[in-house]
file target.cif (mmCIF, N, CA, C and O atoms and all ligand atoms)
data_protein
loop_
_atom_site.label_atom_id
_atom_site.label_comp_id
_atom_site.auth_asym_id
_atom_site.auth_seq_id
_atom_site.Cartn_x
_atom_site.Cartn_y
_atom_site.Cartn_z
N MET A 940 0.85 -1.20 0.00
CA MET A 940 0.00 0.00 0.00
C MET A 940 0.88 1.25 0.00
O MET A 940 1.84 1.35 0.75
N VAL A 941 0.56 2.19 -0.84
CA VAL A 941 1.34 3.43 -0.90
C VAL A 941 0.51 4.56 -0.30
O VAL A 941 -0.58 4.86 -0.78
N LEU A 942 1.04 5.10 0.80
CA LEU A 942 0.35 6.23 1.43
C LEU A 942 0.78 7.53 0.78
O LEU A 942 1.91 7.68 0.36
N ARG A 943 -0.16 8.46 0.75
CA ARG A 943 0.16 9.75 0.10
C ARG A 943 1.19 10.54 0.88
O ARG A 943 2.12 11.09 0.31
N ASN A 944 1.04 10.57 2.20
CA ASN A 944 1.98 11.34 3.01
C ASN A 944 2.87 10.39 3.81
O ASN A 944 3.07 10.55 5.00
N ALA A 945 3.36 9.35 3.13
CA ALA A 945 4.14 8.33 3.81
C ALA A 945 5.57 8.79 4.05
O ALA A 945 6.14 9.53 3.26
N LYS A 946 6.12 8.32 5.19
CA LYS A 946 7.50 8.64 5.50
C LYS A 946 8.09 7.46 6.24
O LYS A 946 7.43 6.88 7.09
N LYS A 947 9.35 7.12 5.91
CA LYS A 947 9.99 6.03 6.62
C LYS A 947 10.50 6.54 7.96
O LYS A 947 11.24 7.51 8.02
N VAL A 948 10.05 5.91 9.05
CA VAL A 948 10.45 6.34 10.39
C VAL A 948 11.12 5.16 11.09
O VAL A 948 10.61 4.04 11.06
N ARG A 949 12.31 5.41 11.68
CA ARG A 949 12.98 4.33 12.42
C ARG A 949 12.34 4.23 13.80
O ARG A 949 12.34 5.18 14.57
N ILE A 950 11.78 3.08 14.11
CA ILE A 950 11.08 2.90 15.37
C ILE A 950 12.03 2.25 16.40
O ILE A 950 13.05 1.68 16.01
N PRO A 951 11.68 2.31 17.68
CA PRO A 951 12.57 1.78 18.73
C PRO A 951 12.95 0.32 18.57
O PRO A 951 13.98 -0.13 19.08
N LYS A 952 12.16 -0.46 17.86
CA LYS A 952 12.49 -1.89 17.66
C LYS A 952 13.72 -2.04 16.77
O LYS A 952 14.31 -3.12 16.70
N GLY A 953 14.11 -1.01 16.07
CA GLY A 953 15.34 -1.06 15.29
C GLY A 953 15.16 -1.06 13.79
O GLY A 953 16.13 -0.95 13.06
N TYR A 954 13.95 -1.21 13.32
CA TYR A 954 13.78 -1.21 11.87
C TYR A 954 12.87 -0.07 11.44
O TYR A 954 12.16 0.53 12.24
N ALA A 955 12.95 0.20 10.16
CA ALA A 955 12.17 1.32 9.63
C ALA A 955 10.76 0.87 9.29
O ALA A 955 10.52 -0.26 8.85
N LYS A 956 9.81 1.73 9.54
CA LYS A 956 8.42 1.43 9.27
C LYS A 956 7.81 2.62 8.54
O LYS A 956 8.23 3.76 8.77
N ILE A 957 6.89 2.34 7.67
CA ILE A 957 6.26 3.45 6.95
C ILE A 957 5.08 3.97 7.76
O ILE A 957 4.20 3.21 8.15
N ARG A 958 5.14 5.24 8.04
CA ARG A 958 4.05 5.87 8.78
C ARG A 958 3.54 7.05 7.97
O ARG A 958 4.28 7.66 7.21
N SER A 959 2.27 7.37 8.17
CA SER A 959 1.73 8.54 7.50
C SER A 959 1.99 9.75 8.38
O SER A 959 1.81 9.70 9.59
N VAL A 960 2.44 10.81 7.77
CA VAL A 960 2.73 12.04 8.51
C VAL A 960 1.81 13.15 7.99
O VAL A 960 1.46 13.17 6.81
N LYS A 961 1.47 14.05 8.91
CA LYS A 961 0.62 15.17 8.51
C LYS A 961 1.41 16.11 7.61
O LYS A 961 2.56 16.45 7.89
N LYS A 962 0.79 16.52 6.52
CA LYS A 962 1.47 17.42 5.60
C LYS A 962 1.28 18.86 6.06
O LYS A 962 0.19 19.25 6.45
N ARG A 963 2.37 19.59 6.07
CA ARG A 963 2.30 20.99 6.48
C ARG A 963 1.83 21.84 5.31
O ARG A 963 2.06 21.51 4.15
N GLY A 964 1.20 22.96 5.65
CA GLY A 964 0.70 23.86 4.63
C GLY A 964 1.83 24.54 3.87
O GLY A 964 2.98 24.46 4.26
N ASN A 965 1.50 25.19 2.80
CA ASN A 965 2.51 25.89 2.01
C ASN A 965 2.92 27.19 2.68
O ASN A 965 2.24 27.68 3.59
N LYS A 966 4.01 27.75 2.20
CA LYS A 966 4.47 29.03 2.72
C LYS A 966 3.51 30.13 2.31
O LYS A 966 2.87 30.04 1.26
N ALA A 967 3.45 31.18 3.14
CA ALA A 967 2.56 32.31 2.83
C ALA A 967 3.03 33.01 1.57
O ALA A 967 4.22 33.26 1.40
N ARG A 968 2.09 33.29 0.67
CA ARG A 968 2.45 33.95 -0.58
C ARG A 968 1.71 35.28 -0.70
O ARG A 968 0.59 35.41 -0.23
N CYS A 969 2.36 36.21 -1.38
CA CYS A 969 1.76 37.53 -1.60
C CYS A 969 0.64 37.41 -2.64
O CYS A 969 0.84 36.84 -3.70
N PRO A 970 -0.55 37.94 -2.32
CA PRO A 970 -1.65 37.82 -3.27
C PRO A 970 -1.47 38.69 -4.53
O PRO A 970 -2.16 38.48 -5.52
N LEU A 971 -0.56 39.63 -4.49
CA LEU A 971 -0.37 40.53 -5.64
C LEU A 971 0.69 40.00 -6.62
O LEU A 971 0.49 40.05 -7.83
N CYS A 972 1.82 39.53 -6.09
CA CYS A 972 2.90 39.11 -6.99
C CYS A 972 3.27 37.64 -6.84
O CYS A 972 4.16 37.15 -7.53
N ARG A 973 2.61 36.91 -5.93
CA ARG A 973 2.81 35.46 -5.76
C ARG A 973 4.17 35.09 -5.19
O ARG A 973 4.53 33.90 -5.18
N SER A 974 4.96 36.05 -4.74
CA SER A 974 6.25 35.70 -4.15
C SER A 974 6.04 35.32 -2.69
O SER A 974 5.02 35.65 -2.10
N ILE A 975 7.01 34.62 -2.12
CA ILE A 975 6.90 34.16 -0.73
C ILE A 975 7.02 35.35 0.22
O ILE A 975 7.91 36.18 0.07
N VAL A 976 6.07 35.43 1.17
CA VAL A 976 6.08 36.52 2.15
C VAL A 976 7.09 36.18 3.24
O VAL A 976 7.00 35.12 3.87
N LEU A 977 8.08 37.05 3.42
CA LEU A 977 9.13 36.78 4.40
C LEU A 977 8.70 37.20 5.80
O LEU A 977 7.78 37.99 5.97
N GLY A 978 9.37 36.63 6.79
CA GLY A 978 9.10 37.00 8.19
C GLY A 978 7.91 36.30 8.80
O GLY A 978 7.42 36.71 9.84
N VAL A 979 7.42 35.24 8.15
CA VAL A 979 6.26 34.52 8.67
C VAL A 979 6.72 33.19 9.27
O VAL A 979 7.37 32.39 8.60
N ASN A 980 6.39 32.98 10.54
CA ASN A 980 6.77 31.78 11.28
C ASN A 980 5.54 30.98 11.64
O ASN A 980 4.44 31.51 11.68
N ARG A 981 5.74 29.70 11.95
CA ARG A 981 4.63 28.87 12.42
C ARG A 981 4.58 28.82 13.94
O ARG A 981 3.54 28.58 14.53
N LYS A 982 5.74 28.96 14.56
CA LYS A 982 5.79 28.84 16.02
C LYS A 982 5.78 30.20 16.69
O LYS A 982 6.06 31.21 16.07
N GLY A 983 5.47 30.18 17.98
CA GLY A 983 5.52 31.40 18.77
C GLY A 983 4.16 32.05 18.92
O GLY A 983 3.16 31.56 18.38
N SER A 984 4.15 33.16 19.68
CA SER A 984 2.89 33.88 19.87
C SER A 984 2.54 34.64 18.60
O SER A 984 3.33 34.71 17.67
N LYS A 985 1.34 35.24 18.59
CA LYS A 985 0.83 35.91 17.39
C LYS A 985 1.82 36.92 16.79
O LYS A 985 2.07 36.92 15.60
N THR A 986 2.41 37.74 17.67
CA THR A 986 3.32 38.77 17.16
C THR A 986 4.67 38.19 16.75
O THR A 986 5.41 38.82 16.01
N GLU A 987 4.98 37.00 17.25
CA GLU A 987 6.24 36.36 16.84
C GLU A 987 6.07 35.66 15.49
O GLU A 987 7.05 35.32 14.84
N ARG A 988 4.83 35.42 15.12
CA ARG A 988 4.57 34.66 13.90
C ARG A 988 4.65 35.50 12.63
O ARG A 988 4.97 34.99 11.57
N ARG A 989 4.29 36.77 12.75
CA ARG A 989 4.33 37.62 11.55
C ARG A 989 4.69 39.05 11.93
O ARG A 989 4.49 39.46 13.06
N PRO A 990 5.23 39.83 10.97
CA PRO A 990 5.60 41.20 11.26
C PRO A 990 4.38 42.01 11.68
O PRO A 990 3.29 41.81 11.15
N SER A 991 4.57 42.93 12.63
CA SER A 991 3.42 43.68 13.16
C SER A 991 3.12 44.93 12.33
O SER A 991 2.20 45.66 12.63
N ARG A 992 3.91 45.19 11.28
CA ARG A 992 3.65 46.37 10.45
C ARG A 992 2.39 46.14 9.59
O ARG A 992 1.85 45.04 9.54
N ILE A 993 1.96 47.20 8.93
CA ILE A 993 0.76 47.12 8.10
C ILE A 993 0.95 46.08 6.99
O ILE A 993 2.03 46.00 6.39
N PHE A 994 -0.05 45.26 6.79
CA PHE A 994 -0.06 44.16 5.82
C PHE A 994 1.03 43.11 6.09
O PHE A 994 1.37 42.33 5.21
N GLY A 995 1.56 43.08 7.33
CA GLY A 995 2.59 42.10 7.68
C GLY A 995 2.02 40.69 7.63
O GLY A 995 0.95 40.44 8.17
N GLY A 996 2.71 39.80 6.95
CA GLY A 996 2.23 38.42 6.80
C GLY A 996 1.22 38.25 5.69
O GLY A 996 0.80 37.15 5.40
N THR A 997 0.81 39.35 5.06
CA THR A 997 -0.15 39.28 3.95
C THR A 997 0.54 39.62 2.64
O THR A 997 0.52 38.83 1.70
N LEU A 998 1.12 40.83 2.58
CA LEU A 998 1.79 41.27 1.36
C LEU A 998 3.30 41.17 1.54
O LEU A 998 3.80 41.25 2.65
N CYS A 999 4.02 41.02 0.41
CA CYS A 999 5.48 41.02 0.48
C CYS A 999 5.96 42.46 0.64
O CYS A 999 5.20 43.40 0.42
N ASN A 1000 7.23 42.62 1.03
CA ASN A 1000 7.72 43.97 1.33
C ASN A 1000 7.66 44.90 0.12
O ASN A 1000 7.35 46.08 0.26
N ALA A 1001 7.91 44.37 -1.07
CA ALA A 1001 7.88 45.21 -2.28
C ALA A 1001 6.47 45.73 -2.54
O ALA A 1001 6.28 46.89 -2.90
N CYS A 1002 5.46 44.87 -2.34
CA CYS A 1002 4.07 45.27 -2.58
C CYS A 1002 3.57 46.22 -1.49
O CYS A 1002 2.75 47.09 -1.77
N VAL A 1003 4.07 46.06 -0.24
CA VAL A 1003 3.69 47.00 0.82
C VAL A 1003 4.17 48.39 0.44
O VAL A 1003 3.44 49.38 0.54
N THR A 1004 5.41 48.48 -0.06
CA THR A 1004 5.97 49.76 -0.50
C THR A 1004 5.11 50.36 -1.61
O THR A 1004 4.78 51.55 -1.59
N ARG A 1005 4.74 49.53 -2.56
CA ARG A 1005 3.93 49.97 -3.69
C ARG A 1005 2.57 50.52 -3.22
O ARG A 1005 2.14 51.61 -3.63
N VAL A 1006 1.93 49.77 -2.31
CA VAL A 1006 0.61 50.17 -1.80
C VAL A 1006 0.71 51.46 -0.99
O VAL A 1006 -0.10 52.37 -1.16
N MET A 1007 1.73 51.55 -0.12
CA MET A 1007 1.86 52.72 0.74
C MET A 1007 2.20 53.97 -0.07
O MET A 1007 1.74 55.07 0.25
N THR A 1008 2.99 53.82 -1.13
CA THR A 1008 3.30 54.95 -2.01
C THR A 1008 2.03 55.47 -2.67
O THR A 1008 1.78 56.69 -2.70
N GLU A 1009 1.22 54.56 -3.18
CA GLU A 1009 -0.04 54.95 -3.82
C GLU A 1009 -0.97 55.61 -2.81
O GLU A 1009 -1.61 56.61 -3.11
N ALA A 1010 -1.02 55.05 -1.58
CA ALA A 1010 -1.89 55.60 -0.54
C ALA A 1010 -1.47 57.03 -0.18
O ALA A 1010 -2.32 57.91 -0.01
N ALA A 1011 -0.15 57.25 -0.12
CA ALA A 1011 0.36 58.60 0.19
C ALA A 1011 -0.01 59.58 -0.92
O ALA A 1011 -0.40 60.72 -0.66
N LYS A 1012 0.09 59.12 -2.17
CA LYS A 1012 -0.26 59.97 -3.32
C LYS A 1012 -1.73 60.36 -3.28
O LYS A 1012 -2.10 61.49 -3.56
N VAL A 1013 -2.58 59.39 -2.92
CA VAL A 1013 -4.01 59.66 -2.85
C VAL A 1013 -4.31 60.61 -1.70
O VAL A 1013 -5.10 61.54 -1.84
N LYS A 1014 -3.62 60.39 -0.57
CA LYS A 1014 -3.86 61.23 0.61
C LYS A 1014 -3.45 62.68 0.36
O LYS A 1014 -4.13 63.61 0.78
N GLU A 1015 -2.33 62.85 -0.33
CA GLU A 1015 -1.84 64.21 -0.62
C GLU A 1015 -2.48 64.80 -1.88
O GLU A 1015 -2.02 65.82 -2.39
N GLU A 1016 -3.46 64.11 -2.41
CA GLU A 1016 -4.23 64.56 -3.58
C GLU A 1016 -3.35 64.79 -4.81
O GLU A 1016 -3.61 65.67 -5.63
N VAL A 1017 -2.31 63.98 -4.94
CA VAL A 1017 -1.49 63.99 -6.15
C VAL A 1017 -2.21 63.15 -7.21
O VAL A 1017 -2.12 63.40 -8.41
N LYS A 1018 -2.93 62.15 -6.74
CA LYS A 1018 -3.57 61.17 -7.61
C LYS A 1018 -4.96 60.85 -7.06
O LYS A 1018 -5.09 60.61 -5.85
N PRO A 1019 -5.99 60.85 -7.90
CA PRO A 1019 -7.31 60.45 -7.39
C PRO A 1019 -7.38 58.93 -7.18
O PRO A 1019 -6.67 58.18 -7.86
N LEU A 1020 -8.23 58.52 -6.27
CA LEU A 1020 -8.35 57.08 -5.94
C LEU A 1020 -8.78 56.25 -7.14
O LEU A 1020 -8.42 55.08 -7.26
N ASP A 1021 -9.53 56.86 -8.05
CA ASP A 1021 -9.99 56.12 -9.23
C ASP A 1021 -8.85 55.77 -10.19
O ASP A 1021 -8.99 54.89 -11.02
N HIS A 1022 -7.72 56.46 -10.08
CA HIS A 1022 -6.59 56.21 -10.97
C HIS A 1022 -5.64 55.14 -10.44
O HIS A 1022 -4.70 54.76 -11.12
N VAL A 1023 -5.90 54.67 -9.22
CA VAL A 1023 -5.08 53.60 -8.64
C VAL A 1023 -5.45 52.29 -9.32
O VAL A 1023 -6.62 52.04 -9.61
N LYS A 1024 -4.41 51.46 -9.59
CA LYS A 1024 -4.65 50.17 -10.24
C LYS A 1024 -5.67 49.35 -9.44
O LYS A 1024 -5.60 49.28 -8.21
N LEU A 1025 -6.56 48.70 -10.14
CA LEU A 1025 -7.66 47.98 -9.51
C LEU A 1025 -7.16 46.88 -8.57
O LEU A 1025 -7.75 46.63 -7.52
N GLU A 1026 -6.06 46.20 -8.94
CA GLU A 1026 -5.56 45.09 -8.12
C GLU A 1026 -5.06 45.55 -6.75
O GLU A 1026 -5.12 44.77 -5.80
N ILE A 1027 -4.57 46.79 -6.64
CA ILE A 1027 -4.07 47.23 -5.33
C ILE A 1027 -5.02 48.22 -4.66
O ILE A 1027 -4.77 48.63 -3.52
N LYS A 1028 -6.11 48.59 -5.32
CA LYS A 1028 -7.04 49.59 -4.78
C LYS A 1028 -7.59 49.18 -3.40
O LYS A 1028 -7.67 49.99 -2.49
N LYS A 1029 -7.93 47.89 -3.27
CA LYS A 1029 -8.47 47.35 -2.02
C LYS A 1029 -7.51 47.62 -0.86
O LYS A 1029 -7.91 48.05 0.23
N TYR A 1030 -6.21 47.39 -1.09
CA TYR A 1030 -5.20 47.57 -0.05
C TYR A 1030 -4.95 49.05 0.22
O TYR A 1030 -4.68 49.45 1.35
N VAL A 1031 -5.01 49.87 -0.84
CA VAL A 1031 -4.81 51.31 -0.68
C VAL A 1031 -5.91 51.89 0.21
O VAL A 1031 -5.64 52.72 1.09
N GLU A 1032 -7.14 51.42 0.02
CA GLU A 1032 -8.25 51.91 0.85
C GLU A 1032 -8.05 51.55 2.31
O GLU A 1032 -8.30 52.37 3.20
N VAL A 1033 -7.55 50.33 2.57
CA VAL A 1033 -7.27 49.92 3.96
C VAL A 1033 -6.17 50.79 4.54
O VAL A 1033 -6.27 51.26 5.68
N ALA A 1034 -5.13 51.05 3.75
CA ALA A 1034 -4.00 51.86 4.21
C ALA A 1034 -4.46 53.29 4.51
O ALA A 1034 -4.02 53.88 5.50
N LEU A 1035 -5.36 53.83 3.69
CA LEU A 1035 -5.86 55.20 3.91
C LEU A 1035 -6.63 55.30 5.22
O LEU A 1035 -6.56 56.31 5.92
N ASN A 1036 -7.36 54.23 5.57
CA ASN A 1036 -8.11 54.24 6.83
C ASN A 1036 -7.19 54.24 8.03
O ASN A 1036 -7.55 54.74 9.10
N LYS A 1037 -6.00 53.64 7.87
CA LYS A 1037 -5.07 53.53 9.00
C LYS A 1037 -4.12 54.70 9.10
O LYS A 1037 -3.36 54.82 10.05
N MET A 1038 -4.10 55.56 8.09
CA MET A 1038 -3.16 56.71 8.09
C MET A 1038 -3.62 57.79 9.04
O MET A 1038 -4.78 58.06 9.18
ZN ZN B 1101 4.05 41.05 -3.57
#
call {"tool": "encode", "arguments": {"input": "target.cif", "output": "structure tokens", "more": "lines below"}}
Ligand SMILES: [Zn+2]
result
Amino acid sequence: MVLRNAKKVRIPKGYAKIRSVKKRGNKARCPLCRSIVLGVNRKGSKTERRPSRIFGGTLCNACVTRVMTEAAKVKEEVKPLDHVKLEIKKYVEVALNKM
């Protein structure tokens, strides 16, 4: 029998046995550019698991910069909100509420 999440484990009797192991989830990815979000841990308390800055653990650092730049432009009325790219508009609105 072939198990999907099978792994050979050496047991105390001295020989290897096939056991099924729980599969861990994938790494956190940025919803905008699909790159791996850095600074995200599985262990520790809530604040140890992800950065406490805005969009920490959700967006990658490059996209946070992009969103915050657009939010600043909208706030300073350099650019109207309707001219912000549709894919990042949702995040810009959240950033504007927190500014
Ligand atoms: Zn990104």
call {"tool": "atom_distance", "arguments": {"input": "target.cif", "atom1": "CA of Val1031 (chain A)", "atom2": "atom C of Lys1014 (chain A)"}}
result
11.5 Å
call {"tool": "closest_atom_pairs", "arguments": {"input": "target.cif", "of": "chain A", "to": "ligand ZN 1101 (chain B)", "cutoff": "4.5 Å", "atoms": "only N, CA, C and O atoms and all ligand atoms", "output": "tab-separated table"}}
result
residue	atom	partner	partner_atom	distance
A:Cys972	N	B:ZN1101	ZN	3.7
A:Cys999	N	B:ZN1101	ZN	4.0
A:Cys1002	N	B:ZN1101	ZN	4.3
call {"tool": "atom_distance", "arguments": {"input": "target.cif", "atom1": "CA of Ala1010 (chain A)", "atom2": "CA of Cys969 (chain A)"}}
result
18.5 Å
call {"tool": "atom_distance", "arguments": {"input": "target.cif", "atom1": "atom N of Asn980 (chain A)", "atom2": "atom O of Val1003 (chain A)"}}
result
19.4 Å
call {"tool": "closest_residue", "arguments": {"input": "target.cif", "among": "A:Ala1011, A:Val948, A:Val1017, A:Ala967", "to": "Gly995 (chain A)", "atoms": "only C-alpha atoms"}}
result
A:Ala967
call {"tool": "residues_around", "arguments": {"input": "target.cif", "residues": "Thr997 (chain A)", "least_positions_apart": "4", "cutoff": "12 Å", "atoms": "only C-alpha atoms", "output": "PyMOL selection string"}}
result
chain A and resi 966-979+988-993+1001-1003+1030
call {"tool": "closest_residue", "arguments": {"input": "target.cif", "among": "A:Asn1000, A:Thr986, A:Thr1008, A:Asn944", "to": "Ile957 (chain A)", "atoms": "all atoms listed in the file"}}
result
A:Asn944
call {"tool": "axis_aligned_box", "arguments": {"input": "target.cif", "around": "region 1032-1038 of chain A", "padding_each_side": "5 Å", "output": "AutoDock Vina command-line options"}}
result
--center_x -5.7 --center_y 54.0 --center_z 5.0 --size_x 15.1 --size_y 18.1 --size_z 20.0
call {"tool": "select_by_dssp", "arguments": {"input": "target.cif", "residues": "chain A", "states": "alpha helix (DSSP H)", "output": "VMD selection string"}}
result
chain A and resid 985 to 988 1000 to 1014 1025 to 1037
call {"tool": "residues_near_point", "arguments": {"input": "target.cif", "point": "(-3.6, 55.2, -0.4)", "cutoff": "8 Å", "atoms": "only N, CA, C and O atoms", "output": "JSON, numbers by chain"}}
result
{"A": [1005, 1006, 1007, 1008, 1009, 1010, 1011, 1012, 1013, 1014, 1015, 1018, 1020, 1027, 1028, 1030, 1031, 1032, 1033, 1034, 1035, 1036]}
call {"tool": "select_by_dssp", "arguments": {"input": "target.cif", "residues": "region 956-997 of chain A", "states": "strand (DSSP E or B)", "output": "list in words"}}
result
Lys956, Ile957, Arg958, Ser959, Arg968 and Ile975 of chain A
call {"tool": "build_atoms", "arguments": {"input": "target.cif", "residues": "region 1011-1021 of chain A", "atoms": "all heavy atoms", "output": "mmCIF file, in the coordinates of the input"}}
result
data_model
loop_
_atom_site.group_PDB
_atom_site.id
_atom_site.type_symbol
_atom_site.label_atom_id
_atom_site.label_comp_id
_atom_site.auth_asym_id
_atom_site.auth_seq_id
_atom_site.Cartn_x
_atom_site.Cartn_y
_atom_site.Cartn_z
ATOM 1 N N ALA A 1011 -0.150 57.250 -0.120
ATOM 2 C CA ALA A 1011 0.360 58.600 0.190
ATOM 3 C C ALA A 1011 -0.010 59.580 -0.920
ATOM 4 O O ALA A 1011 -0.400 60.720 -0.660
ATOM 5 C CB ALA A 1011 1.869 58.547 0.393
ATOM 6 N N LYS A 1012 0.090 59.120 -2.170
ATOM 7 C CA LYS A 1012 -0.260 59.970 -3.320
ATOM 8 C C LYS A 1012 -1.730 60.360 -3.280
ATOM 9 O O LYS A 1012 -2.100 61.490 -3.560
ATOM 10 C CB LYS A 1012 0.042 59.245 -4.638
ATOM 11 C CG LYS A 1012 1.513 59.260 -5.010
ATOM 12 C CD LYS A 1012 1.725 58.485 -6.289
ATOM 13 C CE LYS A 1012 3.196 58.390 -6.644
ATOM 14 N NZ LYS A 1012 3.419 57.501 -7.784
ATOM 15 N N VAL A 1013 -2.580 59.390 -2.920
ATOM 16 C CA VAL A 1013 -4.010 59.660 -2.850
ATOM 17 C C VAL A 1013 -4.310 60.610 -1.700
ATOM 18 O O VAL A 1013 -5.100 61.540 -1.840
ATOM 19 C CB VAL A 1013 -4.807 58.332 -2.691
ATOM 20 C CG1 VAL A 1013 -6.277 58.602 -2.413
ATOM 21 C CG2 VAL A 1013 -4.663 57.471 -3.937
ATOM 22 N N LYS A 1014 -3.620 60.390 -0.570
ATOM 23 C CA LYS A 1014 -3.860 61.230 0.610
ATOM 24 C C LYS A 1014 -3.450 62.680 0.360
ATOM 25 O O LYS A 1014 -4.130 63.610 0.780
ATOM 26 C CB LYS A 1014 -3.100 60.660 1.809
ATOM 27 C CG LYS A 1014 -3.693 61.141 3.118
ATOM 28 C CD LYS A 1014 -2.789 60.861 4.283
ATOM 29 C CE LYS A 1014 -3.386 61.465 5.531
ATOM 30 N NZ LYS A 1014 -2.396 61.611 6.593
ATOM 31 N N GLU A 1015 -2.330 62.850 -0.330
ATOM 32 C CA GLU A 1015 -1.840 64.210 -0.620
ATOM 33 C C GLU A 1015 -2.480 64.800 -1.880
ATOM 34 O O GLU A 1015 -2.020 65.820 -2.390
ATOM 35 C CB GLU A 1015 -0.308 64.189 -0.755
ATOM 36 C CG GLU A 1015 0.431 63.775 0.513
ATOM 37 C CD GLU A 1015 0.166 64.678 1.709
ATOM 38 O OE1 GLU A 1015 0.095 65.903 1.526
ATOM 39 O OE2 GLU A 1015 0.014 64.148 2.821
ATOM 40 N N GLU A 1016 -3.460 64.110 -2.410
ATOM 41 C CA GLU A 1016 -4.230 64.560 -3.580
ATOM 42 C C GLU A 1016 -3.350 64.790 -4.810
ATOM 43 O O GLU A 1016 -3.610 65.670 -5.630
ATOM 44 C CB GLU A 1016 -5.043 65.813 -3.231
ATOM 45 C CG GLU A 1016 -6.190 65.474 -2.269
ATOM 46 C CD GLU A 1016 -6.820 66.696 -1.631
ATOM 47 O OE1 GLU A 1016 -6.455 67.818 -1.999
ATOM 48 O OE2 GLU A 1016 -7.683 66.514 -0.763
ATOM 49 N N VAL A 1017 -2.310 63.980 -4.940
ATOM 50 C CA VAL A 1017 -1.490 63.990 -6.150
ATOM 51 C C VAL A 1017 -2.210 63.150 -7.210
ATOM 52 O O VAL A 1017 -2.120 63.400 -8.410
ATOM 53 C CB VAL A 1017 -0.077 63.413 -5.864
ATOM 54 C CG1 VAL A 1017 0.785 63.366 -7.110
ATOM 55 C CG2 VAL A 1017 0.609 64.238 -4.792
ATOM 56 N N LYS A 1018 -2.930 62.150 -6.740
ATOM 57 C CA LYS A 1018 -3.570 61.170 -7.610
ATOM 58 C C LYS A 1018 -4.960 60.850 -7.060
ATOM 59 O O LYS A 1018 -5.090 60.610 -5.850
ATOM 60 C CB LYS A 1018 -2.698 59.912 -7.592
ATOM 61 C CG LYS A 1018 -2.963 58.903 -8.659
ATOM 62 C CD LYS A 1018 -1.917 57.797 -8.535
ATOM 63 C CE LYS A 1018 -2.023 56.846 -9.696
ATOM 64 N NZ LYS A 1018 -0.997 55.789 -9.622
ATOM 65 N N PRO A 1019 -5.990 60.850 -7.900
ATOM 66 C CA PRO A 1019 -7.310 60.450 -7.390
ATOM 67 C C PRO A 1019 -7.380 58.930 -7.180
ATOM 68 O O PRO A 1019 -6.670 58.180 -7.860
ATOM 69 C CB PRO A 1019 -8.276 60.898 -8.483
ATOM 70 C CG PRO A 1019 -7.452 61.035 -9.702
ATOM 71 C CD PRO A 1019 -6.046 61.280 -9.290
ATOM 72 N N LEU A 1020 -8.230 58.520 -6.270
ATOM 73 C CA LEU A 1020 -8.350 57.080 -5.940
ATOM 74 C C LEU A 1020 -8.780 56.250 -7.140
ATOM 75 O O LEU A 1020 -8.420 55.080 -7.260
ATOM 76 C CB LEU A 1020 -9.328 56.896 -4.770
ATOM 77 C CG LEU A 1020 -9.447 55.509 -4.146
ATOM 78 C CD1 LEU A 1020 -8.128 55.043 -3.553
ATOM 79 C CD2 LEU A 1020 -10.523 55.468 -3.094
ATOM 80 N N ASP A 1021 -9.530 56.860 -8.050
ATOM 81 C CA ASP A 1021 -9.990 56.120 -9.230
ATOM 82 C C ASP A 1021 -8.850 55.770 -10.190
ATOM 83 O O ASP A 1021 -8.990 54.890 -11.020
ATOM 84 C CB ASP A 1021 -11.046 56.950 -9.985
ATOM 85 C CG ASP A 1021 -12.270 57.202 -9.127
ATOM 86 O OD1 ASP A 1021 -12.507 56.387 -8.211
ATOM 87 O OD2 ASP A 1021 -12.983 58.187 -9.370
#
